[in-house]
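A.B. asks: Contents of input06.cif (mmCIF, C-alpha atoms and all ligand atoms):
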data_query
loop_
_atom_site.label_atom_id
_atom_site.label_comp_id
_atom_site.auth_asym_id
_atom_site.auth_seq_id
_atom_site.Cartn_x
_atom_site.Cartn_y
_atom_site.Cartn_z
CA MET A 292 -4.41 -12.03 1.05
CA THR A 293 -4.71 -12.21 -2.70
CA SER A 294 -6.42 -15.17 -4.35
CA PRO A 295 -4.38 -18.27 -5.05
CA GLY A 296 -3.17 -18.71 -8.59
CA ARG A 297 -2.10 -15.11 -9.02
CA PRO A 298 1.57 -14.94 -10.10
CA PRO A 299 3.82 -13.90 -7.24
CA LEU A 300 6.03 -10.80 -7.23
CA GLY A 301 8.89 -11.32 -4.77
CA VAL A 302 10.02 -8.10 -3.13
CA GLY A 303 13.33 -7.28 -1.44
CA LEU A 304 13.41 -4.04 0.54
CA ILE A 305 16.66 -2.26 1.42
CA GLY A 306 16.35 -0.03 4.51
CA TYR A 307 13.96 -0.19 7.43
CA ALA A 308 13.77 3.29 8.93
CA PHE A 309 10.87 5.70 8.29
CA MET A 310 10.61 5.02 4.55
CA GLY A 311 11.24 1.29 4.94
CA ALA A 312 8.34 1.10 7.38
CA ALA A 313 6.06 3.13 5.09
CA HIS A 314 6.91 0.93 2.09
CA SER A 315 6.49 -2.29 4.13
CA HIS A 316 3.02 -1.14 5.14
CA ALA A 317 2.17 -0.44 1.51
CA TRP A 318 3.39 -3.84 0.25
CA ARG A 319 1.32 -5.57 2.93
CA THR A 320 -1.79 -3.44 2.44
CA ALA A 321 -2.09 -3.00 -1.34
CA PRO A 322 -3.27 -6.58 -2.10
CA ARG A 323 -5.79 -6.44 0.73
CA PHE A 324 -7.66 -3.44 -0.71
CA PHE A 325 -6.91 -3.58 -4.43
CA ASP A 326 -7.37 -6.41 -6.90
CA LEU A 327 -3.71 -6.66 -7.91
CA PRO A 328 -2.66 -8.70 -10.96
CA LEU A 329 0.41 -10.04 -9.09
CA GLU A 330 0.72 -11.14 -5.49
CA PRO A 331 3.48 -9.23 -3.63
CA ARG A 332 5.53 -11.57 -1.42
CA LEU A 333 7.59 -9.79 1.21
CA ALA A 334 10.65 -11.98 0.68
CA VAL A 335 13.50 -10.17 2.39
CA LEU A 336 14.40 -7.01 4.26
CA ALA A 337 18.02 -5.78 4.20
CA GLY A 338 19.93 -3.54 6.61
CA ARG A 339 23.44 -3.41 8.02
CA ASN A 340 22.75 -4.20 11.67
CA GLN A 341 21.91 -7.89 12.03
CA THR A 342 19.86 -7.65 15.24
CA ALA A 343 18.00 -4.52 14.18
CA VAL A 344 17.17 -5.78 10.69
CA ALA A 345 15.96 -9.15 12.02
CA ASP A 346 13.76 -7.35 14.53
CA ALA A 347 12.43 -4.98 11.83
CA ALA A 348 11.76 -7.88 9.44
CA GLY A 349 9.59 -9.58 12.07
CA ARG A 350 7.76 -6.38 12.97
CA LEU A 351 7.18 -5.20 9.40
CA GLY A 352 6.13 -8.55 7.94
CA TRP A 353 9.20 -9.76 5.98
CA SER A 354 9.97 -13.48 5.70
CA ASP A 355 13.75 -13.10 5.92
CA ALA A 356 16.51 -10.60 6.68
CA GLU A 357 19.90 -9.92 5.05
CA THR A 358 22.76 -7.67 6.15
CA ASP A 359 24.19 -7.15 2.66
CA TRP A 360 21.98 -5.71 -0.08
CA ARG A 361 24.05 -7.56 -2.71
CA ARG A 362 22.67 -10.86 -1.44
CA VAL A 363 19.13 -9.58 -2.04
CA LEU A 364 19.99 -9.20 -5.73
CA GLU A 365 21.24 -12.80 -5.91
CA ARG A 366 17.99 -14.29 -4.63
CA ASP A 367 15.61 -16.08 -7.00
CA ASP A 368 12.64 -15.23 -4.78
CA VAL A 369 13.21 -11.49 -5.40
CA ASP A 370 11.72 -9.96 -8.57
CA LEU A 371 11.71 -6.35 -7.39
CA VAL A 372 14.13 -4.35 -5.27
CA ASP A 373 12.72 -1.45 -3.26
CA VAL A 374 15.43 1.08 -2.34
CA CYS A 375 14.73 3.00 0.89
CA THR A 376 18.29 4.00 1.83
CA PRO A 377 19.85 7.50 2.00
CA GLY A 378 20.58 9.05 -1.40
CA ASP A 379 24.30 8.25 -1.50
CA THR A 380 23.57 4.56 -2.13
CA HIS A 381 20.62 4.87 -4.55
CA ALA A 382 22.67 4.77 -7.76
CA GLU A 383 24.85 1.81 -6.82
CA ILE A 384 21.97 -0.34 -5.55
CA ALA A 385 19.43 0.58 -8.23
CA ILE A 386 21.82 0.10 -11.16
CA ALA A 387 23.08 -3.24 -9.81
CA ALA A 388 19.48 -4.39 -9.26
CA LEU A 389 18.41 -3.41 -12.78
CA GLU A 390 21.45 -5.18 -14.23
CA ALA A 391 20.48 -8.26 -12.22
CA GLY A 392 17.09 -8.15 -13.96
CA LYS A 393 15.12 -6.94 -10.92
CA HIS A 394 12.42 -4.26 -11.19
CA VAL A 395 13.28 -1.26 -9.00
CA LEU A 396 11.32 1.17 -6.88
CA CYS A 397 13.69 3.88 -5.62
CA GLU A 398 12.97 6.53 -3.00
CA LYS A 399 13.25 10.22 -3.88
CA PRO A 400 15.21 12.23 -4.74
CA LEU A 401 16.47 9.77 -7.33
CA ALA A 402 20.13 10.42 -6.51
CA ASN A 403 22.52 12.90 -4.93
CA THR A 404 23.88 14.30 -8.21
CA VAL A 405 22.81 14.73 -11.81
CA ALA A 406 25.62 12.40 -12.93
CA GLN A 407 24.30 9.61 -10.70
CA ALA A 408 20.73 10.23 -11.84
CA GLU A 409 21.83 10.13 -15.49
CA ALA A 410 23.53 6.77 -14.95
CA MET A 411 20.37 5.49 -13.26
CA ALA A 412 18.09 6.73 -16.06
CA GLU A 413 20.37 5.08 -18.64
CA ALA A 414 20.36 1.80 -16.70
CA ALA A 415 16.56 2.03 -16.46
CA ALA A 416 16.21 2.60 -20.22
CA ARG A 417 18.47 -0.41 -20.95
CA ALA A 418 16.55 -2.60 -18.50
CA ALA A 419 13.18 -1.53 -19.90
CA ARG A 420 14.18 -3.02 -23.27
CA ASN A 421 14.23 -6.39 -21.45
CA GLY A 422 10.93 -5.78 -19.67
CA VAL A 423 12.53 -4.71 -16.38
CA ARG A 424 10.65 -1.71 -14.89
CA SER A 425 11.65 1.14 -12.62
CA MET A 426 9.89 3.90 -10.72
CA VAL A 427 10.92 6.74 -8.41
CA GLY A 428 8.93 7.22 -5.21
CA PHE A 429 7.32 10.63 -5.53
CA THR A 430 4.46 9.23 -3.52
CA TYR A 431 2.42 12.43 -3.08
CA ARG A 432 1.35 12.11 -6.71
CA ARG A 433 -0.92 9.35 -5.44
CA VAL A 434 -2.85 11.48 -2.95
CA PRO A 435 -6.44 11.54 -4.32
CA ALA A 436 -6.75 15.34 -4.10
CA ILE A 437 -3.56 15.70 -6.17
CA GLY A 438 -4.99 13.24 -8.71
CA LEU A 439 -8.15 15.34 -8.92
CA ALA A 440 -6.09 18.54 -9.32
CA ARG A 441 -4.27 16.99 -12.26
CA GLN A 442 -7.57 15.88 -13.81
CA LEU A 443 -9.04 19.38 -13.54
CA VAL A 444 -5.99 20.92 -15.23
CA ALA A 445 -5.96 18.24 -17.95
CA GLU A 446 -9.67 18.86 -18.62
CA GLY A 447 -8.88 22.54 -19.19
CA ARG A 448 -10.91 23.74 -16.18
CA LEU A 449 -8.09 26.12 -15.22
CA GLY A 450 -7.43 27.36 -18.76
CA THR A 451 -3.92 28.68 -19.34
CA ILE A 452 -1.78 28.31 -16.22
CA ARG A 453 -0.27 31.65 -15.12
CA HIS A 454 0.95 31.12 -11.55
CA VAL A 455 2.22 28.12 -9.62
CA ARG A 456 2.85 28.75 -5.92
CA ALA A 457 4.38 25.82 -4.03
CA GLN A 458 5.63 25.45 -0.48
CA TYR A 459 6.80 22.48 1.54
CA LEU A 460 7.01 23.55 5.17
CA GLN A 461 8.25 21.51 8.12
CA ASP A 462 9.76 22.50 11.49
CA TRP A 463 11.50 19.37 12.79
CA ILE A 464 15.00 20.92 12.94
CA ALA A 465 13.99 24.47 13.88
CA ASP A 466 15.39 23.81 17.37
CA PRO A 467 19.22 24.20 17.22
CA ALA A 468 19.43 21.42 19.84
CA GLU A 469 18.05 18.90 17.34
CA PRO A 470 21.03 16.60 16.74
CA MET A 471 22.90 15.89 13.52
CA SER A 472 21.51 13.15 11.29
CA TRP A 473 22.24 11.80 7.83
CA ARG A 474 19.67 14.19 6.33
CA LEU A 475 21.96 17.09 7.36
CA ASP A 476 25.06 15.57 5.76
CA LYS A 477 25.66 16.46 2.10
CA GLN A 478 27.68 13.28 1.52
CA LYS A 479 24.70 11.14 2.52
CA ALA A 480 21.71 13.24 1.48
CA GLY A 481 23.00 15.30 -1.46
CA SER A 482 21.21 18.43 -0.27
CA GLY A 483 18.93 19.48 2.59
CA ALA A 484 15.39 20.82 2.46
CA LEU A 485 15.94 21.28 -1.27
CA GLY A 486 16.26 17.59 -2.18
CA ASP A 487 14.35 16.08 0.71
CA ILE A 488 11.15 18.08 0.40
CA GLY A 489 11.72 20.64 -2.37
CA ALA A 490 12.01 17.70 -4.79
CA HIS A 491 8.42 16.75 -3.94
CA ILE A 492 6.96 20.14 -4.84
CA VAL A 493 8.98 20.29 -8.06
CA ASP A 494 7.59 16.89 -9.02
CA LEU A 495 4.04 17.69 -7.88
CA THR A 496 3.74 21.00 -9.71
CA GLN A 497 5.11 19.48 -12.92
CA HIS A 498 2.77 16.50 -12.50
CA ILE A 499 -0.33 18.62 -11.90
CA THR A 500 0.32 21.17 -14.63
CA GLY A 501 1.83 18.79 -17.20
CA GLN A 502 4.59 21.39 -17.68
CA SER A 503 8.30 21.28 -16.82
CA LEU A 504 10.44 23.88 -15.14
CA THR A 505 12.78 25.49 -17.64
CA GLY A 506 14.84 27.77 -15.37
CA VAL A 507 15.20 29.01 -11.80
CA SER A 508 16.56 31.85 -9.71
CA ALA A 509 17.36 30.67 -6.21
CA MET A 510 18.55 31.31 -2.67
CA LEU A 511 19.65 28.67 -0.16
CA GLU A 512 20.38 29.18 3.53
CA THR A 513 21.72 27.11 6.40
CA PHE A 514 20.46 28.78 9.57
CA VAL A 515 22.05 26.42 12.12
CA LYS A 516 25.53 25.47 11.00
CA GLU A 517 26.66 23.31 13.96
CA ARG A 518 24.53 20.77 15.79
CA PRO A 519 25.12 18.36 18.65
CA LEU A 520 26.11 14.88 17.59
CA PRO A 521 23.55 12.24 18.52
CA ALA A 522 24.28 10.42 21.78
CA SER A 523 24.94 7.19 19.90
CA ALA A 524 25.42 6.56 16.21
CA GLY A 525 22.08 5.83 14.54
CA SER A 526 21.89 2.95 12.06
CA LEU A 527 22.30 5.27 9.10
CA SER A 528 23.82 8.46 10.49
CA GLY A 529 27.40 7.25 10.64
CA VAL A 530 28.05 9.99 13.22
CA GLY A 531 27.88 9.87 17.00
CA GLY A 532 29.51 10.88 20.26
CA ALA A 533 30.23 14.08 22.12
CA GLY A 534 30.63 17.51 20.57
CA THR A 535 29.07 19.00 17.49
CA GLY A 536 28.95 18.26 13.80
CA THR A 537 28.78 20.66 10.88
CA VAL A 538 25.58 20.87 8.87
CA THR A 539 26.66 20.66 5.24
CA VAL A 540 23.25 21.06 3.57
CA ASP A 541 20.71 23.83 3.17
CA ASP A 542 18.06 24.34 5.84
CA ALA A 543 15.83 26.25 3.43
CA ALA A 544 15.49 26.76 -0.31
CA VAL A 545 13.58 29.58 -1.97
CA PHE A 546 13.37 29.97 -5.72
CA THR A 547 11.38 31.41 -8.57
CA ALA A 548 10.93 29.46 -11.79
CA ARG A 549 9.55 29.51 -15.29
CA PHE A 550 7.42 26.65 -16.62
CA SER A 551 7.52 25.35 -20.19
CA ASP A 552 4.14 26.83 -21.20
CA GLY A 553 4.82 30.24 -19.72
CA ALA A 554 3.64 29.96 -16.11
CA LEU A 555 5.63 31.65 -13.34
CA GLY A 556 6.46 29.61 -10.25
CA THR A 557 7.49 30.46 -6.70
CA PHE A 558 8.87 27.66 -4.52
CA GLU A 559 9.80 27.45 -0.84
CA ALA A 560 11.12 24.40 1.03
CA THR A 561 12.07 24.72 4.67
CA ARG A 562 12.39 22.75 7.89
CA PHE A 563 12.24 25.96 9.94
CA ALA A 564 8.56 26.94 9.60
CA LEU A 565 7.56 26.62 13.27
CA GLY A 566 4.12 25.09 13.61
CA ARG A 567 4.06 23.68 10.07
CA LYS A 568 4.59 19.94 10.28
CA ASN A 569 4.13 18.63 6.76
CA ALA A 570 2.48 21.50 4.94
CA ILE A 571 2.70 20.89 1.21
CA ARG A 572 0.83 23.88 -0.09
CA ILE A 573 0.16 24.28 -3.76
CA GLU A 574 -1.87 27.01 -5.40
CA ILE A 575 -2.34 27.26 -9.13
CA ASN A 576 -3.97 30.17 -10.93
CA GLY A 577 -5.07 29.83 -14.55
CA SER A 578 -7.04 31.98 -16.96
CA GLY A 579 -10.17 29.93 -16.16
CA GLY A 580 -9.84 29.03 -12.49
CA SER A 581 -7.65 28.29 -9.50
CA LEU A 582 -6.74 25.33 -7.30
CA ALA A 583 -5.39 25.20 -3.75
CA PHE A 584 -4.16 22.22 -1.73
CA ASP A 585 -2.54 21.77 1.69
CA PHE A 586 -1.33 18.33 2.73
CA GLU A 587 -2.18 19.14 6.36
CA ASP A 588 -5.80 18.94 5.14
CA MET A 589 -5.01 16.29 2.55
CA ASN A 590 -8.53 15.06 1.78
CA VAL A 591 -9.58 18.49 0.54
CA LEU A 592 -9.03 20.35 -2.73
CA HIS A 593 -10.14 23.97 -3.16
CA PHE A 594 -11.33 24.90 -6.65
CA PHE A 595 -12.34 28.32 -7.95
CA ASP A 596 -14.27 28.16 -11.21
CA GLY A 597 -13.80 31.34 -13.24
CA ASP A 598 -17.03 30.57 -15.15
CA ASP A 599 -19.19 31.04 -12.05
CA PRO A 600 -21.17 34.29 -11.97
CA ALA A 601 -19.24 36.88 -9.91
CA GLU A 602 -22.08 37.13 -7.38
CA ARG A 603 -21.82 33.43 -6.54
CA ALA A 604 -18.17 32.72 -7.24
CA GLY A 605 -15.80 31.61 -4.55
CA PHE A 606 -13.42 28.77 -3.73
CA ARG A 607 -15.34 25.49 -3.57
CA ARG A 608 -14.11 23.11 -0.85
CA ILE A 609 -14.16 19.64 -2.43
CA VAL A 610 -13.86 16.78 0.06
CA VAL A 611 -11.97 14.27 -2.10
CA THR A 612 -13.43 11.11 -0.61
CA GLU A 613 -16.06 10.10 -3.18
CA PRO A 614 -15.80 6.63 -4.74
CA GLY A 615 -15.29 8.32 -8.13
CA HIS A 616 -12.18 10.17 -6.96
CA PRO A 617 -8.78 8.65 -7.80
CA TYR A 618 -8.10 5.48 -5.71
CA VAL A 619 -10.86 6.28 -3.18
CA GLY A 620 -13.36 3.64 -4.36
CA ASN A 621 -11.21 0.88 -2.84
CA TRP A 622 -11.28 2.42 0.64
CA TRP A 623 -13.88 3.78 3.02
CA PRO A 624 -17.33 5.29 2.57
CA ALA A 625 -17.40 8.97 1.50
CA GLY A 626 -16.11 11.40 4.09
CA HIS A 627 -14.00 8.94 6.08
CA GLY A 628 -10.68 10.16 4.69
CA LEU A 629 -7.29 8.78 3.82
CA GLY A 630 -3.83 9.44 5.31
CA TYR A 631 -0.13 9.75 4.53
CA GLU A 632 0.36 5.99 4.16
CA HIS A 633 -2.26 5.63 1.44
CA GLY A 634 -0.02 7.39 -1.11
CA PHE A 635 2.53 4.60 -0.64
CA THR A 636 -0.14 1.94 -1.05
CA HIS A 637 -1.36 3.55 -4.28
CA GLN A 638 2.25 3.68 -5.48
CA VAL A 639 2.50 -0.11 -5.04
CA VAL A 640 -0.83 -0.60 -6.83
CA ASP A 641 0.29 1.42 -9.86
CA LEU A 642 3.75 -0.14 -9.94
CA VAL A 643 2.49 -3.74 -9.73
CA THR A 644 -0.18 -3.04 -12.35
CA ALA A 645 2.38 -1.55 -14.76
CA ILE A 646 4.73 -4.52 -14.27
CA ALA A 647 1.92 -6.99 -14.96
CA ASN A 648 0.79 -5.05 -18.03
CA GLY A 649 4.34 -4.80 -19.41
CA GLU A 650 4.26 -0.99 -19.20
CA ASP A 651 6.75 1.55 -17.85
CA PRO A 652 5.39 3.03 -14.62
CA THR A 653 5.57 6.73 -13.78
CA PRO A 654 7.29 8.67 -12.36
CA SER A 655 10.13 7.04 -14.28
CA PHE A 656 13.84 7.36 -13.57
CA ALA A 657 13.88 9.84 -16.47
CA ASP A 658 11.32 11.92 -14.53
CA GLY A 659 13.53 11.60 -11.44
CA LEU A 660 16.51 12.79 -13.49
CA GLN A 661 14.56 15.82 -14.68
CA VAL A 662 13.76 16.77 -11.04
CA GLN A 663 17.45 16.24 -10.20
CA ARG A 664 18.36 18.74 -12.94
CA VAL A 665 16.04 21.28 -11.34
CA LEU A 666 17.65 20.72 -7.90
CA ASP A 667 21.07 21.12 -9.49
CA ALA A 668 20.01 24.34 -11.24
CA VAL A 669 18.73 25.69 -7.91
CA GLU A 670 22.10 24.97 -6.27
CA ARG A 671 24.02 26.53 -9.16
CA SER A 672 21.81 29.61 -9.17
CA ALA A 673 22.15 30.08 -5.41
CA ALA A 674 25.93 29.65 -5.59
CA ALA A 675 26.27 32.11 -8.48
CA ASP A 676 24.20 34.69 -6.60
CA SER A 677 23.79 36.41 -9.97
CA ALA A 678 20.07 37.11 -9.72
CA PHE A 679 20.46 38.70 -6.30
CA THR A 680 20.39 42.44 -6.58
CA ARG A 681 21.79 44.13 -3.47
CA ILE A 682 20.07 47.23 -2.12
C1 LIG A 701 11.59 14.20 5.98
O1 LIG A 701 11.66 15.57 5.79
C2 LIG A 701 10.51 13.55 5.17
O2 LIG A 701 10.40 12.28 5.72
C3 LIG A 701 10.80 13.37 3.68
O3 LIG A 701 12.01 12.69 3.48
C4 LIG A 701 9.67 12.64 3.04
O4 LIG A 701 9.89 12.51 1.66
C5 LIG A 701 8.36 13.39 3.29
O5 LIG A 701 7.30 12.60 2.86
C6 LIG A 701 8.15 13.64 4.76
O6 LIG A 701 9.29 14.24 5.31
#
Transcribe the structure of this file into structure tokens.
C.D. replies:
Amino acid sequence: MTSPGRPPLGVGLIGYAFMGAAHSHAWRTAPRFFDLPLEPRLAVLAGRNQTAVADAAGRLGWSDAETDWRRVLERDDVDLVDVCTPGDTHAEIAIAALEAGKHVLCEKPLANTVAQAEAMAEAAARAARNGVRSMVGFTYRRVPAIGLARQLVAEGRLGTIRHVRAQYLQDWIADPAEPMSWRLDKQKAGSGALGDIGAHIVDLTQHITGQSLTGVSAMLETFVKERPLPASAGSLSGVGGAGTGTVTVDDAAVFTARFSDGALGTFEATRFALGRKNAIRIEINGSGGSLAFDFEDMNVLHFFDGDDPAERAGFRRIVVTEPGHPYVGNWWPAGHGLGYEHGFTHQVVDLVTAIANGEDPTPSFADGLQVQRVLDAVERSAAADSAFTRI
């Protein structure tokens, strides 16, 4: 644990499914590997099912459990609220927490609609004037190879960026027998592959290039429109029983985009790419070089240096595990590699450090709102169908 005498930072976490478990791990681990200025105390875990949340609190390392998130906000031992619920509750919880003077970490995408994200960004700006901080959980920014990619672009090693090619490929619902879940329900999730995983590649490409998307031309598709209901209602699904339910979100999103400094982007987010489990693939081509990354080989960044003599040029495979690489010095000896969970730990490190330094962490709620505007533009473009020329 952290050394005595370090000021505590009481944390209340709302939600204990996949993301709740990943965040719990990060809150427990960060002070063990990084010299944090504040000591995170895992005060309370909240969820609606009393037995399940008490069990999860014990398993994941929380001192207490609550069944109503509002009680978390009333507690004096909570300084920060970590929101790991489906998107339909992000705005209500995050705004109430900020108004109660609690720092907020909110899972991505920031909200289900632009209007909700705007309200959240406004609440965050108001709270920041009183020293209350907020951050949205685009955790892949904190993968060391992504950090190195951003450094190389910022140092000008790629020159002027011309092409950004980004894919987020999964296959977990490719089987039509995969049951309904909250992620397939527009009311709960806002959108499908677009918001769940497309949001990540929008954020990542903007983060790496330092540019924003200025416009899109898009197509969305729902390949499997009816799915079996789960045998029993899951804690968050709100659906259950015999028969089928209607999928109300996209299964795949494909769009082209323009970036603010002139680069052209192509984006693809799908949960139907059989064999691809969590393939975040990003390739960037500039006037001076290229970069390529695939999360399924997440400790590696490929770099092509356009200054190399043609006879010796080629993509260089950089194993991003040196102590000098972002975050890596606090972990294992070179070559031993990091995993999915480390991004969440680094997110905690950066958030806690910003809070202690009295700075606004990034990605901010304003950054989350900007991504939300891109998602909204994709949906509007796909619905308008105007850029689709029939043959
Ligand atoms: C599900 O598609 C999911 O868990 C996303 O919600 C996460 O953001 C991503 O990290 C992994 O896949």
A.B. asks: For each of A:Pro521, A:Gly536, A:Gly438, A:Pro328, take the minimum atom-to-atom distance to Ala645 in chain A, counting all atoms listed in the file, then give the residue where this is smallest.
C.D. replies: A:Pro328
A.B. asks: Select the residues contacting ligand LIG 701 (chain A) at a distance of at most 8 Å, based on only C-alpha atoms and all ligand atoms, then format the selection as number ranges by chain.
C.D. replies: A: 309-310, 399, 429-431, 461, 463, 484, 487-488, 491, 562, 569
A.B. asks: Between A:Ala408, A:Ala543, A:Ala388, A:Gln497, which residue has the minimum interatomic distance to Phe563 in chain A, considering all atoms listed in the file?
C.D. replies: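 Under the stated criterion, the closest residue is A:Ala543.
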A.B. asks: Within 12 Å of range 600-615 of chain A, which residues of range 380-438 of chain A come that close, and what is the closest atom pair and distance in Å for each? Count all atoms listed in the file and give it as a Markdown table.
C.D. replies:
| residue | atom | partner | partner_atom | distance |
| --- | --- | --- | --- | --- |
| A:Val434 | CA | A:Val611 | CA | 9.6 |
| A:Pro435 | CA | A:Val611 | CA | 6.6 |
| A:Ala436 | CA | A:Val611 | CA | 5.7 |
| A:Ile437 | CA | A:Val611 | CA | 9.5 |
| A:Gly438 | CA | A:Val611 | CA | 9.7 |
A.B. asks: Which residues are near range 677-679 of chain A? Cut-off 12 Å, all atoms listed in the file, ignore same chain within fewer than 2 positions. Put them as a PyMOL selection string.
C.D. replies: chain A and resi 507-511+546-547+669+671-675+681-682
A.B. asks: Do you have the CA of Glu559 in chain A-CA of Asn403 in chain A distance handy?
C.D. replies: 19.8 Å
A.B. asks: So what do you get for CA of Gln663 in chain A versus CA of Val423 in chain A, distance-wise?
C.D. replies: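 For CA of Gln663 in chain A relative to CA of Val423 in chain A, the distance reads 22.4 Å.
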A.B. asks: Of the candidates A:Tyr459, A:Trp473, A:Phe594, A:Trp360, which one gets nearest to Val545 in chain A if we count only C-alpha atoms?
C.D. replies: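 Smallest separation from Val545 in chain A among the options: A:Tyr459.
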A.B. asks: Choose the residue, out of A:Ala468, A:Leu520, A:Ala490, A:Leu327, that has the smallest atom-to-atom separation from Pro400 in chain A; count all atoms listed in the file.
C.D. replies: A:Ala490
A.B. asks: From the list A:Ala345, A:Val444, A:Ala465, A:Leu475, which residue is nearest Leu582 in chain A when using all atoms listed in the file?
C.D. replies: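 Of A:Ala345, A:Val444, A:Ala465, A:Leu475, the one nearest Leu582 in chain A, counting all atoms listed in the file, is A:Val444.
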A.B. asks: Let me make sure I understand: among A:Asp552, A:Glu574, A:Asp658, A:Asp370, which one has the smallest atom-to-atom distance to Thr496 in chain A if we use all atoms listed in the file?
C.D. replies: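 When distances to Thr496 in chain A are compared using all atoms listed in the file, the smallest one comes from A:Glu574.
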